[in-house]
>>> print(open('start_12.pdb').read())   # PDB, C-alpha atoms
ATOM      1  CA  MET D   1      25.890 -54.536 -15.272
ATOM      2  CA  ALA D   2      28.465 -56.431 -13.212
ATOM      3  CA  ILE D   3      29.125 -59.769 -11.557
ATOM      4  CA  LEU D   4      29.537 -59.787  -7.775
ATOM      5  CA  LEU D   5      31.998 -62.286  -6.290
ATOM      6  CA  CYS D   6      31.094 -62.962  -2.667
ATOM      7  CA  SER D   7      33.166 -65.112  -0.302
ATOM      8  CA  HIS D   8      34.863 -64.754   3.081
ATOM      9  CA  ASN D   9      37.872 -66.472   1.515
ATOM     10  CA  GLU D  10      40.148 -64.044  -0.313
ATOM     11  CA  LEU D  11      41.856 -66.846  -2.247
ATOM     12  CA  ILE D  12      38.545 -68.053  -3.628
ATOM     13  CA  ARG D  13      37.538 -64.541  -4.680
ATOM     14  CA  LYS D  14      40.938 -64.127  -6.319
ATOM     15  CA  ARG D  15      40.528 -67.423  -8.202
ATOM     16  CA  TRP D  16      37.113 -66.449  -9.515
ATOM     17  CA  ASP D  17      38.399 -62.996 -10.406
ATOM     18  CA  GLU D  18      41.348 -64.327 -12.391
ATOM     19  CA  LEU D  19      39.053 -66.661 -14.333
ATOM     20  CA  LEU D  20      36.383 -64.093 -15.183
ATOM     21  CA  SER D  21      38.066 -60.667 -15.229
ATOM     22  CA  PRO D  22      39.077 -60.756 -18.901
ATOM     23  CA  GLN D  23      35.412 -61.060 -19.911
ATOM     24  CA  TYR D  24      33.300 -59.317 -17.286
ATOM     25  CA  GLN D  25      33.110 -56.310 -14.995
ATOM     26  CA  LEU D  26      33.633 -57.694 -11.490
ATOM     27  CA  VAL D  27      32.918 -56.455  -7.964
ATOM     28  CA  GLU D  28      33.896 -58.226  -4.737
ATOM     29  CA  ALA D  29      32.369 -58.611  -1.279
ATOM     30  CA  ALA D  30      33.987 -60.335   1.693
ATOM     31  CA  SER D  31      31.033 -60.225   4.103
ATOM     32  CA  LEU D  32      27.251 -60.155   4.124
ATOM     33  CA  GLY D  33      27.407 -56.476   5.047
ATOM     34  CA  GLU D  34      29.516 -55.721   1.994
ATOM     35  CA  LEU D  35      27.197 -57.887  -0.098
ATOM     36  CA  GLU D  36      24.158 -55.858   0.953
ATOM     37  CA  ALA D  37      25.977 -52.562   0.354
ATOM     38  CA  VAL D  38      27.078 -53.528  -3.151
ATOM     39  CA  LEU D  39      23.641 -54.814  -4.134
ATOM     40  CA  ALA D  40      22.089 -51.571  -2.895
ATOM     41  CA  ALA D  41      24.570 -49.341  -4.711
ATOM     42  CA  GLU D  42      25.213 -51.102  -8.012
ATOM     43  CA  LYS D  43      23.346 -52.956 -10.737
ATOM     44  CA  ILE D  44      24.511 -56.541 -10.288
ATOM     45  CA  GLU D  45      23.370 -59.019 -12.906
ATOM     46  CA  LEU D  46      24.914 -62.143 -11.377
ATOM     47  CA  LEU D  47      26.010 -63.012  -7.851
ATOM     48  CA  LEU D  48      28.604 -65.753  -7.409
ATOM     49  CA  LEU D  49      27.940 -66.684  -3.795
ATOM     50  CA  HIS D  50      30.080 -68.970  -1.632
ATOM     51  CA  ARG D  51      27.875 -71.471   0.201
ATOM     52  CA  THR D  52      29.796 -71.026   3.472
ATOM     53  CA  MET D  53      28.434 -67.474   3.750
ATOM     54  CA  VAL D  54      24.729 -68.237   3.642
ATOM     55  CA  ASP D  55      21.956 -70.577   4.651
ATOM     56  CA  MET D  56      18.589 -71.013   2.944
ATOM     57  CA  ASN D  57      16.945 -68.167   4.862
ATOM     58  CA  ILE D  58      19.645 -65.663   3.939
ATOM     59  CA  THR D  59      19.594 -66.797   0.320
ATOM     60  CA  ALA D  60      15.814 -66.435   0.181
ATOM     61  CA  GLN D  61      16.091 -62.946   1.660
ATOM     62  CA  VAL D  62      18.689 -61.885  -0.906
ATOM     63  CA  ARG D  63      16.406 -63.215  -3.642
ATOM     64  CA  ARG D  64      13.397 -61.289  -2.338
ATOM     65  CA  GLN D  65      15.303 -58.032  -1.980
ATOM     66  CA  ASN D  66      17.084 -58.331  -5.339
ATOM     67  CA  PRO D  67      14.716 -60.140  -7.721
ATOM     68  CA  ARG D  68      16.618 -59.049 -10.843
ATOM     69  CA  CYS D  69      19.944 -60.392  -9.602
ATOM     70  CA  LYS D  70      20.703 -63.991 -10.591
ATOM     71  CA  ILE D  71      22.320 -66.108  -7.848
ATOM     72  CA  PHE D  72      24.892 -68.819  -8.576
ATOM     73  CA  LEU D  73      25.751 -70.790  -5.430
ATOM     74  CA  LEU D  74      29.149 -72.510  -5.192
ATOM     75  CA  SER D  75      29.701 -75.141  -2.526
ATOM     76  CA  ASP D  76      32.909 -76.748  -1.271
ATOM     77  CA  ARG D  77      30.995 -80.017  -0.970
ATOM     78  CA  PRO D  78      28.067 -80.023  -3.386
ATOM     79  CA  ASP D  79      25.137 -82.182  -2.374
ATOM     80  CA  GLU D  80      22.153 -83.207  -4.520
ATOM     81  CA  ASP D  81      19.538 -82.581  -1.839
ATOM     82  CA  GLU D  82      21.054 -79.231  -0.941
ATOM     83  CA  GLY D  83      21.281 -78.178  -4.573
ATOM     84  CA  LEU D  84      17.649 -79.089  -5.188
ATOM     85  CA  SER D  85      16.518 -77.163  -2.111
ATOM     86  CA  PHE D  86      18.367 -74.008  -3.120
ATOM     87  CA  LEU D  87      17.140 -74.282  -6.721
ATOM     88  CA  LYS D  88      13.586 -74.217  -5.407
ATOM     89  CA  LEU D  89      14.413 -70.849  -3.829
ATOM     90  CA  GLY D  90      15.125 -69.507  -7.300
ATOM     91  CA  ILE D  91      18.891 -69.639  -7.713
ATOM     92  CA  VAL D  92      20.101 -70.160 -11.288
ATOM     93  CA  GLY D  93      23.236 -72.198 -10.665
ATOM     94  CA  TYR D  94      24.749 -74.692  -8.226
ATOM     95  CA  SER D  95      28.251 -76.116  -8.535
ATOM     96  CA  ASN D  96      31.557 -76.908  -6.858
ATOM     97  CA  THR D  97      33.508 -73.930  -5.520
ATOM     98  CA  TYR D  98      36.578 -75.192  -7.362
ATOM     99  CA  ILE D  99      34.883 -75.838 -10.698
ATOM    100  CA  SER D 100      37.443 -75.944 -13.523
ATOM    101  CA  PRO D 101      38.181 -72.676 -15.375
ATOM    102  CA  PRO D 102      36.538 -73.714 -18.665
ATOM    103  CA  ARG D 103      33.448 -74.988 -16.866
ATOM    104  CA  LEU D 104      33.106 -71.834 -14.766
ATOM    105  CA  SER D 105      33.308 -69.664 -17.873
ATOM    106  CA  GLU D 106      30.698 -71.827 -19.570
ATOM    107  CA  ALA D 107      28.463 -71.823 -16.490
ATOM    108  CA  VAL D 108      28.526 -68.031 -16.206
ATOM    109  CA  ARG D 109      27.769 -67.666 -19.901
ATOM    110  CA  ILE D 110      24.852 -70.099 -19.629
ATOM    111  CA  VAL D 111      23.199 -68.460 -16.624
ATOM    112  CA  LEU D 112      23.671 -64.945 -17.993
ATOM    113  CA  ALA D 113      21.885 -66.134 -21.138
ATOM    114  CA  GLY D 114      18.875 -67.057 -19.023
ATOM    115  CA  SER D 115      19.322 -70.781 -18.423
ATOM    116  CA  VAL D 116      20.129 -72.861 -15.350
ATOM    117  CA  TRP D 117      23.445 -74.550 -14.522
ATOM    118  CA  ILE D 118      23.292 -77.621 -12.289
ATOM    119  CA  GLY D 119      24.710 -81.125 -12.191
ATOM    120  CA  GLN D 120      23.138 -83.793 -14.365
ATOM    121  CA  GLN D 121      21.809 -85.827 -11.434
ATOM    122  CA  VAL D 122      20.197 -82.797  -9.796
ATOM    123  CA  MET D 123      18.703 -81.841 -13.156
ATOM    124  CA  GLN D 124      17.159 -85.291 -13.630
ATOM    125  CA  ARG D 125      15.688 -85.232 -10.125
ATOM    126  CA  LEU D 126      14.214 -81.794 -10.676
ATOM    127  CA  ILE D 127      12.665 -82.855 -13.971
ATOM    128  CA  ARG D 128      11.183 -85.971 -12.388
ATOM    129  CA  GLU D 129       9.683 -83.807  -9.638
ATOM    130  CA  THR D 130       8.063 -81.489 -12.176
ATOM    131  CA  LEU D 131       6.622 -84.545 -13.923
ATOM    132  CA  ALA D 132       5.229 -85.937 -10.658
ATOM    133  CA  ALA D 133       3.752 -82.555  -9.719
ATOM    134  CA  ALA D 134       2.200 -82.111 -13.152
ATOM    135  CA  SER D 135       0.761 -85.628 -13.083
ATOM    136  CA  GLY D 136      -0.829 -85.023  -9.700
ATOM    137  CA  ALA D 137      -2.280 -81.669 -10.718
ATOM    138  CA  SER D 138      -3.716 -82.983 -13.965
ATOM    139  CA  ALA D 139      -5.291 -86.153 -12.589
ATOM    140  CA  GLY D 140      -8.588 -86.656 -14.385
ATOM    141  CA  VAL D 141      -7.884 -83.742 -16.743
ATOM    142  CA  SER D 142      -7.205 -84.328 -20.430
ATOM    143  CA  TYR D 143      -3.699 -83.294 -21.476
ATOM    144  CA  GLN D 144      -3.185 -80.863 -24.344
ATOM    145  CA  ALA D 145       0.390 -80.602 -25.626
ATOM    146  CA  PRO D 146       1.771 -77.077 -26.161
ATOM    147  CA  ALA D 147       1.239 -76.008 -29.783
ATOM    148  CA  VAL D 148       4.932 -75.192 -30.200
ATOM    149  CA  LEU D 149       5.683 -78.922 -30.152
ATOM    150  CA  ASP D 150       3.894 -79.264 -33.499
ATOM    151  CA  SER D 151       7.000 -77.847 -35.181
ATOM    152  CA  LEU D 152       9.086 -80.852 -34.100
ATOM    153  CA  THR D 153       9.785 -83.894 -36.237
ATOM    154  CA  THR D 154       8.583 -87.270 -34.999
ATOM    155  CA  ARG D 155      12.044 -88.171 -33.660
ATOM    156  CA  GLU D 156      12.528 -84.750 -32.051
ATOM    157  CA  ARG D 157       9.149 -85.032 -30.338
ATOM    158  CA  GLU D 158      10.026 -88.520 -29.129
ATOM    159  CA  ILE D 159      13.311 -87.335 -27.619
ATOM    160  CA  ALA D 160      11.696 -84.246 -26.090
ATOM    161  CA  GLU D 161       9.120 -86.381 -24.307
ATOM    162  CA  MET D 162      11.857 -88.705 -23.011
ATOM    163  CA  VAL D 163      13.676 -85.666 -21.600
ATOM    164  CA  ALA D 164      10.440 -84.577 -19.937
ATOM    165  CA  ARG D 165      10.228 -87.997 -18.266
ATOM    166  CA  GLY D 166      13.664 -87.452 -16.730
ATOM    167  CA  GLN D 167      15.766 -89.644 -19.022
ATOM    168  CA  ALA D 168      19.430 -88.752 -19.552
ATOM    169  CA  ASN D 169      21.018 -88.553 -23.022
ATOM    170  CA  LEU D 170      22.763 -91.910 -22.708
ATOM    171  CA  GLU D 171      19.521 -93.568 -21.632
ATOM    172  CA  ILE D 172      17.642 -92.008 -24.538
ATOM    173  CA  ALA D 173      20.350 -93.114 -26.979
ATOM    174  CA  ALA D 174      20.188 -96.685 -25.694
ATOM    175  CA  ASN D 175      16.405 -96.803 -25.849
ATOM    176  CA  LEU D 176      16.308 -95.493 -29.412
ATOM    177  CA  GLY D 177      19.371 -97.333 -30.715
ATOM    178  CA  ILE D 178      21.185 -94.134 -31.711
ATOM    179  CA  THR D 179      24.358 -92.405 -30.536
ATOM    180  CA  GLU D 180      24.510 -89.857 -27.732
ATOM    181  CA  ARG D 181      25.861 -87.340 -30.269
ATOM    182  CA  THR D 182      22.714 -87.813 -32.344
ATOM    183  CA  VAL D 183      20.550 -87.245 -29.281
ATOM    184  CA  LYS D 184      22.416 -84.003 -28.555
ATOM    185  CA  ALA D 185      21.976 -82.865 -32.149
ATOM    186  CA  HIS D 186      18.236 -83.493 -31.999
ATOM    187  CA  LEU D 187      17.971 -81.687 -28.661
ATOM    188  CA  SER D 188      19.785 -78.670 -30.058
ATOM    189  CA  ALA D 189      17.154 -78.466 -32.782
ATOM    190  CA  VAL D 190      14.366 -78.962 -30.232
ATOM    191  CA  TYR D 191      15.649 -76.125 -28.012
ATOM    192  CA  THR D 192      15.761 -73.797 -31.018
ATOM    193  CA  LYS D 193      12.311 -74.690 -32.324
ATOM    194  CA  THR D 194      10.612 -74.498 -28.916
ATOM    195  CA  GLY D 195      12.539 -71.469 -27.665
ATOM    196  CA  THR D 196      13.301 -73.312 -24.423
ATOM    197  CA  GLY D 197      17.099 -73.203 -24.583
ATOM    198  CA  SER D 198      17.671 -75.837 -21.906
ATOM    199  CA  ARG D 199      16.718 -79.312 -20.733
ATOM    200  CA  LEU D 200      14.841 -78.026 -17.696
ATOM    201  CA  ASN D 201      12.838 -75.460 -19.649
ATOM    202  CA  LEU D 202      11.909 -78.124 -22.177
ATOM    203  CA  ALA D 203      10.691 -80.454 -19.436
ATOM    204  CA  LEU D 204       8.682 -77.629 -17.861
ATOM    205  CA  LEU D 205       7.141 -76.765 -21.206
ATOM    206  CA  ILE D 206       5.950 -80.337 -21.718
ATOM    207  CA  ASN D 207       5.086 -81.225 -18.120
ATOM    208  CA  ARG D 208       3.510 -77.956 -17.031
ATOM    209  CA  GLY D 209       2.749 -76.175 -20.266
ATOM    210  CA  GLY D 210       5.149 -73.366 -19.376
ATOM    211  CA  SER D 211       8.828 -72.590 -18.986
ATOM    212  CA  LEU D 212      11.359 -70.622 -16.972
ATOM    213  CA  GLY D 213      11.522 -68.079 -19.764
ATOM    214  CA  ARG D 214      13.647 -67.594 -22.838
ATOM    215  CA  PRO D 215      17.223 -66.353 -22.540
ATOM    216  CA  GLN D 216      17.367 -62.570 -22.248
TER     217      GLN D 216
END
>>> encode(input="start_12.pdb", output="structure tokens")
Amino acid sequence: MAILLCSHNELIRKRWDELLSPQYQLVEAASLGELEAVLAAEKIELLLLHRTMVDMNITAQVRRQNPRCKIFLLSDRPDEDEGLSFLKLGIVGYSNTYISPPRLSEAVRIVLAGSVWIGQQVMQRLIRETLAAASGASAGVSYQAPAVLDSLTTREREIAEMVARGQANLEIAANLGITERTVKAHLSAVYTKTGTGSRLNLALLINRGGSLGRPQ
């Protein structure tokens, strides 16, 4: 499978191409017409899509017509509200168009592995929303923690529940009197034991009793 680079701007497509070509098979599209043609003709695993080319309706349509294709939206001026809205459509990544080379490589690797790539603030907002939705849906209903959490140590469980409440690593470290590095180490173990692989999946597992799915 290939990665499709889609932007009206040739320089942006060239930048993405130069950063990713050593590792991946790449295809380019300079218009929505070309985008549709490529998606119809080839098996595209990931679409790097320039925000200037689409609105929410077009993005939703591309998602419906190509459910197996992951969409990573890159915006010249990323905005928290915008990012959250597009994430709710089912995209797997949202970042700055001019994200640094190492970060772009990492982002592509992360989303191809089945996780989500978004900014920390957007992530925290999304987690808090899942918590609020879960709390509303379970009002008056007794909560039963997923059995997979039984494999966690007391400290790992504590940190996992803080993540599910929308706390960032620095906040967790301060609350527990430990270093941020220690928090990250515990979270790495938690992701492995629960099979969640990411902060958002972990929060969904705890708050909703489900997840976005394990990396494929």
>>> resolve_selection(input="start_12.pdb", expression="the PyMOL selection byres ((chain D and resi 95) around 10)", output="list in words")
Arg51, Phe72, Leu73, Leu74, Ser75, Asp76, Arg77, Pro78, Asp79, Gly83, Gly93, Tyr94, Asn96, Thr97, Tyr98, Ile99, Arg103, Leu104, Ala107, Trp117, Ile118 and Gly119 of chain D
>>> resolve_selection(input="start_12.pdb", expression="the PyMOL selection byres ((chain D and resi 85-90) around 9)", output="PyMOL selection string")
chain D and resi 56+59-60+63+70-71+73+80-84+91-94+118+126
>>> atom_distance(input="start_12.pdb", atom1="CA of Leu152 in chain D", atom2="CA of Leu112 in chain D")
26.9 Å
>>> closest_residue(input="start_12.pdb", among="D:Leu49, D:Cys6, D:Ala160, D:Ile44", to="Ala30 in chain D", atoms="all atoms listed in the file")
D:Cys6
>>> atom_distance(input="start_12.pdb", atom1="CA of Asn9 in chain D", atom2="CA of Pro102 in chain D")
21.5 Å
>>> atom_distance(input="start_12.pdb", atom1="CA of Glu158 in chain D", atom2="CA of Val122 in chain D")
22.6 Å
>>> residues_around(input="start_12.pdb", residues="Trp16 in chain D", least_positions_apart="4", cutoff="9 Å", atoms="only C-alpha atoms", output="PyMOL selection string")
chain D and resi 5+11-12+20-21+48+101+104
>>> resolve_selection(input="start_12.pdb", expression="the PyMOL selection byres ((chain D and resi 164) around 8)", output="PyMOL selection string")
chain D and resi 127-128+131+160-163+165-167+202-204+206-207
>>> write_last_selection(input="start_12.pdb", atoms="C-alpha atoms", output="mmCIF file, keeping the file's coordinate frame")
data_model
loop_
_atom_site.group_PDB
_atom_site.id
_atom_site.type_symbol
_atom_site.label_atom_id
_atom_site.label_comp_id
_atom_site.auth_asym_id
_atom_site.auth_seq_id
_atom_site.Cartn_x
_atom_site.Cartn_y
_atom_site.Cartn_z
ATOM 1 C CA ILE D 127 12.665 -82.855 -13.971
ATOM 2 C CA ARG D 128 11.183 -85.971 -12.388
ATOM 3 C CA LEU D 131 6.622 -84.545 -13.923
ATOM 4 C CA ALA D 160 11.696 -84.246 -26.090
ATOM 5 C CA GLU D 161 9.120 -86.381 -24.307
ATOM 6 C CA MET D 162 11.857 -88.705 -23.011
ATOM 7 C CA VAL D 163 13.676 -85.666 -21.600
ATOM 8 C CA ARG D 165 10.228 -87.997 -18.266
ATOM 9 C CA GLY D 166 13.664 -87.452 -16.730
ATOM 10 C CA GLN D 167 15.766 -89.644 -19.022
ATOM 11 C CA LEU D 202 11.909 -78.124 -22.177
ATOM 12 C CA ALA D 203 10.691 -80.454 -19.436
ATOM 13 C CA LEU D 204 8.682 -77.629 -17.861
ATOM 14 C CA ILE D 206 5.950 -80.337 -21.718
ATOM 15 C CA ASN D 207 5.086 -81.225 -18.120
#
>>> residues_around(input="start_12.pdb", residues="Glu36 in chain D", least_positions_apart="6", cutoff="10 Å", atoms="only C-alpha atoms", output="NGL selection string")
:D and (29 or 62 or 65-66)
>>> write_last_selection(input="start_12.pdb", atoms="C-alpha atoms", output="PDB file, in the coordinates of the input")
ATOM      1  CA  ALA D  29      32.369 -58.611  -1.279  1.00  0.00           C
ATOM      2  CA  VAL D  62      18.689 -61.885  -0.906  1.00  0.00           C
ATOM      3  CA  GLN D  65      15.303 -58.032  -1.980  1.00  0.00           C
ATOM      4  CA  ASN D  66      17.084 -58.331  -5.339  1.00  0.00           C
TER       5      ASN D  66
END
>>> residues_around(input="start_12.pdb", residues="His186 in chain D", least_positions_apart="5", cutoff="12 Å", atoms="all atoms listed in the file", output="MDAnalysis selection string")
chainID D and resid 152:160 163 169 172:173 178:181 191:193
>>> decode(input="start_12.pdb", residues="range 17-33 of chain D", atoms="N, CA and C atoms", output="PDB file, in the first residue's frame")
ATOM      1  N   ASP D  17       7.273  14.840   0.158  1.00  0.00           N
ATOM      2  CA  ASP D  17       7.885  13.755  -0.608  1.00  0.00           C
ATOM      3  C   ASP D  17       9.343  13.540  -0.192  1.00  0.00           C
ATOM      4  N   GLU D  18      10.076  14.629  -0.088  1.00  0.00           N
ATOM      5  CA  GLU D  18      11.497  14.522   0.273  1.00  0.00           C
ATOM      6  C   GLU D  18      11.675  13.933   1.670  1.00  0.00           C
ATOM      7  N   LEU D  19      10.722  14.227   2.568  1.00  0.00           N
ATOM      8  CA  LEU D  19      10.826  13.730   3.934  1.00  0.00           C
ATOM      9  C   LEU D  19      10.458  12.253   4.060  1.00  0.00           C
ATOM     10  N   LEU D  20       9.547  11.785   3.205  1.00  0.00           N
ATOM     11  CA  LEU D  20       9.000  10.443   3.376  1.00  0.00           C
ATOM     12  C   LEU D  20       9.432   9.430   2.323  1.00  0.00           C
ATOM     13  N   SER D  21       9.938   9.899   1.185  1.00  0.00           N
ATOM     14  CA  SER D  21      10.251   8.987   0.076  1.00  0.00           C
ATOM     15  C   SER D  21      11.274   7.900   0.407  1.00  0.00           C
ATOM     16  N   PRO D  22      12.238   8.154   1.277  1.00  0.00           N
ATOM     17  CA  PRO D  22      13.175   7.052   1.565  1.00  0.00           C
ATOM     18  C   PRO D  22      12.522   5.863   2.259  1.00  0.00           C
ATOM     19  N   GLN D  23      11.373   6.087   2.906  1.00  0.00           N
ATOM     20  CA  GLN D  23      10.757   5.030   3.709  1.00  0.00           C
ATOM     21  C   GLN D  23       9.485   4.440   3.121  1.00  0.00           C
ATOM     22  N   TYR D  24       8.773   5.214   2.298  1.00  0.00           N
ATOM     23  CA  TYR D  24       7.448   4.781   1.870  1.00  0.00           C
ATOM     24  C   TYR D  24       7.250   4.926   0.366  1.00  0.00           C
ATOM     25  N   GLN D  25       6.290   4.164  -0.153  1.00  0.00           N
ATOM     26  CA  GLN D  25       5.850   4.335  -1.532  1.00  0.00           C
ATOM     27  C   GLN D  25       4.874   5.505  -1.559  1.00  0.00           C
ATOM     28  N   LEU D  26       5.144   6.498  -2.380  1.00  0.00           N
ATOM     29  CA  LEU D  26       4.347   7.726  -2.378  1.00  0.00           C
ATOM     30  C   LEU D  26       3.658   7.958  -3.716  1.00  0.00           C
ATOM     31  N   VAL D  27       2.458   8.545  -3.635  1.00  0.00           N
ATOM     32  CA  VAL D  27       1.696   8.973  -4.806  1.00  0.00           C
ATOM     33  C   VAL D  27       1.254  10.396  -4.531  1.00  0.00           C
ATOM     34  N   GLU D  28       1.127  11.217  -5.585  1.00  0.00           N
ATOM     35  CA  GLU D  28       0.742  12.615  -5.388  1.00  0.00           C
ATOM     36  C   GLU D  28      -0.553  12.956  -6.126  1.00  0.00           C
ATOM     37  N   ALA D  29      -1.264  13.948  -5.565  1.00  0.00           N
ATOM     38  CA  ALA D  29      -2.463  14.487  -6.202  1.00  0.00           C
ATOM     39  C   ALA D  29      -2.485  15.989  -5.961  1.00  0.00           C
ATOM     40  N   ALA D  30      -2.775  16.742  -7.028  1.00  0.00           N
ATOM     41  CA  ALA D  30      -2.748  18.201  -6.941  1.00  0.00           C
ATOM     42  C   ALA D  30      -4.148  18.813  -6.958  1.00  0.00           C
ATOM     43  N   SER D  31      -5.171  17.984  -7.049  1.00  0.00           N
ATOM     44  CA  SER D  31      -6.550  18.473  -7.076  1.00  0.00           C
ATOM     45  C   SER D  31      -7.471  17.413  -6.503  1.00  0.00           C
ATOM     46  N   LEU D  32      -8.708  17.810  -6.212  1.00  0.00           N
ATOM     47  CA  LEU D  32      -9.668  16.848  -5.685  1.00  0.00           C
ATOM     48  C   LEU D  32      -9.999  15.792  -6.725  1.00  0.00           C
ATOM     49  N   GLY D  33      -9.994  16.186  -7.996  1.00  0.00           N
ATOM     50  CA  GLY D  33     -10.234  15.228  -9.071  1.00  0.00           C
ATOM     51  C   GLY D  33      -9.150  14.163  -9.106  1.00  0.00           C
TER      52      GLY D  33
END
